[in-house]
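*Asks:* Before I ask anything, let me first share the structure, which is written out below as C-alpha cells.
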Amino acid sequence: MWRQVVLYFRTHSYHADNCQAKDNLQKEDEADIKAAQWIFKPMGSERTEIRKRQMAATPESPGAAQAQLSTGNRGSNACCFCWCCCCSCSCLTVRNQEEERARRTSHELQAEGIPNCEESPAPTLEEVNAWAQSFDKLMLTPAGRNAFREFLRTEFSEENMLFWMACEELKQESNKSVIEEKARLIYEDYISILSPKEVSLDSRVREVINRNMLEPSQHTFDDAQLQIYTLMHRDSYPRFMNSAIYKDLLQSLSEKSIEA
C-alpha cells in the first residue's frame, strides 16, 4: 500500500511538472512570435508611419508650397534657352506678336509714303463705259488710273501701278543726272528684293535691269514696265470690272445722267 501511495504522488508531481513546462513553453513561443513580428515588420508601413510623424511634427509652410507651385508652372513657360522648340514656349508667342506688330507698322508706313492719286476731273459716264471696252482705254485717262489704283490698293498690289507710273515719268526726263537719280530710286523702291513694294518680275527681266543700271537711261525699265502692264491687264483688270468700286461708280454716274 505504501508503494501505491508513493506511486500516486510521483504521478501527480509528474503531471504538475508537465503542465508547468507546457505553460513555460507556450509563453516562450508567444514572446518569440512577438519578437519575430517586430523584426519582420513591413518596411512600407513603417516608412508611412515615420512620414506621418514627420509631417505632424513639421507642417509645410505656405511659402514652400507657393515656391513648389511656381516651380511646377515654370515648365509651361519655357524661356529662350529651353532645349526644345515646342509651340507652347512663351517666347515664340512673344516673337510672333512682335513680328505681327512690325508688319502692321511697315504696312502703315508704306501707306503713308504712297503719293496721292493723280489730279483729274471727275470721269463722265462715257469714259467709265469705255473702261470696260479695253484695258488700254482705262490706262489712258488719269481718272481711269485713279479708279484702278484704288482697286489695286484693296488687293495689296498698288505697287504695280506705282511702278508703271514711275517708269512713265522717267521717260519724260532728259537731264542725265535726274535720270540716274530717278532710276536709282525706282530700283530701290520696286526692283530690290529688300523693298516692301517690290514688284513681281522674272529672272530674265531682272538681269536686263541689272545690266541697264550700269548706264541708266529713260528706257532702263522698259521690259519690266511691259511685264507689269501685262500682269495688271490679265490678272487685275478682269476683277476690277466686276468689283464694287467700278459698279458703284457706273451706277452713280448713270443715276446722275437720268436725273439730268
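Within each chain, counting starts at residue 1; across the C-alpha cells, chains are named A, B, ... in the order shown, with ligands numbered 1 upward in that order.
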Would you mind listing what lies within 12 Å of A:Gln251 as a list of chain:residue names, with only C-alpha atoms counted and same-chain residues fewer than 4 positions away left out?
*Replies:*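 My list of contacting residues is A:Thr124, A:Leu125, A:Val128, A:Asn129, A:Ala244, A:Ile245, A:Tyr246, A:Lys247, A:Glu255, A:Lys256, A:Ser257, A:Ile258.
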*Asks:* As a list of chain:residue names, please: the residues near A:Arg149 (cut-off 9 Å, only C-alpha atoms, same-chain neighbours under 5 positions excluded).
*Replies:*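 The residues that qualify are A:Cys117, A:Gly144, A:Thr154, A:Ser157, A:Glu158, A:Asn160, A:Met161, A:Leu162.
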*Asks:* Any idea what's packed within 12 Å of A:Phe156, counting only C-alpha atoms, ignoring anything in its chain fewer than 3 positions away? Could you give it as a list in words?
*Replies:*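 Listed by chain and then number, they are His107, Gln110, Ala111, Arg149, Glu150, Phe151, Leu152, Arg153, Glu159, Asn160, Met161, Pro196, Lys197, Glu198, Val199 and Ser236 of chain A.
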*Asks:* So that I can see what lies close to A:Lys182, please list as a PyMOL selection string the residues with an atom at most 9 Å from it, counting only C-alpha atoms and leaving out residues fewer than 5 positions away in the same chain.
*Replies:* chain A and resi 166+169-170+177+187
*Asks:* Can those selected residues be exported to a file as a PDB file, in the first residue's frame so that it contains C-alpha atoms?
*Replies:*
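As written to disk, again.pdb reads:
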ATOM      1  CA  ALA A 166       7.258 105.976-112.166  1.00  0.00           C
ATOM      2  CA  GLU A 169       7.748 109.798-115.505  1.00  0.00           C
ATOM      3  CA  LEU A 170      11.276 108.556-116.160  1.00  0.00           C
ATOM      4  CA  SER A 177      21.723 113.373-113.569  1.00  0.00           C
ATOM      5  CA  TYR A 187      15.294 100.305-108.489  1.00  0.00           C
TER       6      TYR A 187
END
*Asks:* Between A:Met213, A:Val178, A:Ala122, A:Ala143, single out the one closest to A:Leu253, counting only C-alpha atoms.
*Replies:*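 Residue with the minimum atom-to-atom distance to A:Leu253: A:Ala122.
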*Asks:* Rounded to one decimal in Å, what is the spacing between atom CA of A:Ala130 and atom CA of A:Arg234?
*Replies:*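 Atom-to-atom, atom CA of A:Ala130 to atom CA of A:Arg234, that is 17.6 Å.
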*Asks:* May I have all residues of stretch 123-202 of chain A that DSSP, computed from the backbone, assigns to helix (DSSP H, G or I), given as JSON, numbers by chain?
*Replies:* {"A": [125, 126, 127, 128, 129, 130, 131, 135, 136, 137, 138, 139, 140, 142, 143, 144, 145, 146, 147, 148, 149, 150, 151, 152, 153, 154, 158, 159, 160, 161, 162, 163, 164, 165, 166, 167, 168, 169, 170, 171, 176, 177, 178, 179, 180, 181, 182, 183, 184, 185, 186, 187, 188, 189, 190, 191]}
*Asks:* In Å, with one decimal, what is the gap from atom CA of A:Gln133 to atom CA of A:His219?
*Replies:*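 Between atom CA of A:Gln133 and atom CA of A:His219 the gap is 28.9 Å.
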*Asks:* Identify which of the residues A:Lys171, A:Ala147, A:Ile193, A:Ile186 lies closest to A:Phe240, counting only C-alpha atoms when measuring atom-to-atom distances.
*Replies:*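 Residue with the minimum atom-to-atom distance to A:Phe240: A:Ala147.
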*Asks:* Could you state the separation of atom CA of A:Ala183 and atom CA of A:Tyr229 in Å, given to one decimal place?
*Replies:*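 Atom CA of A:Tyr229 lies 18.4 Å from atom CA of A:Ala183.
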*Asks:* I need the residue nearest A:Pro123 from this list: A:Asn212, A:Asn175, A:Ile228, A:Ser254. Use only C-alpha atoms for the distance.
*Replies:*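 Checking each of A:Asn212, A:Asn175, A:Ile228, A:Ser254 against A:Pro123, counting only C-alpha atoms, the winner is A:Ser254.
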*Asks:* Find the residue from A:Glu215, A:Glu119, A:Glu155, A:Glu127 that sits nearest to A:Tyr237; use only C-alpha atoms when measuring.
*Replies:*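 Selected residue with least distance to A:Tyr237: A:Glu155.
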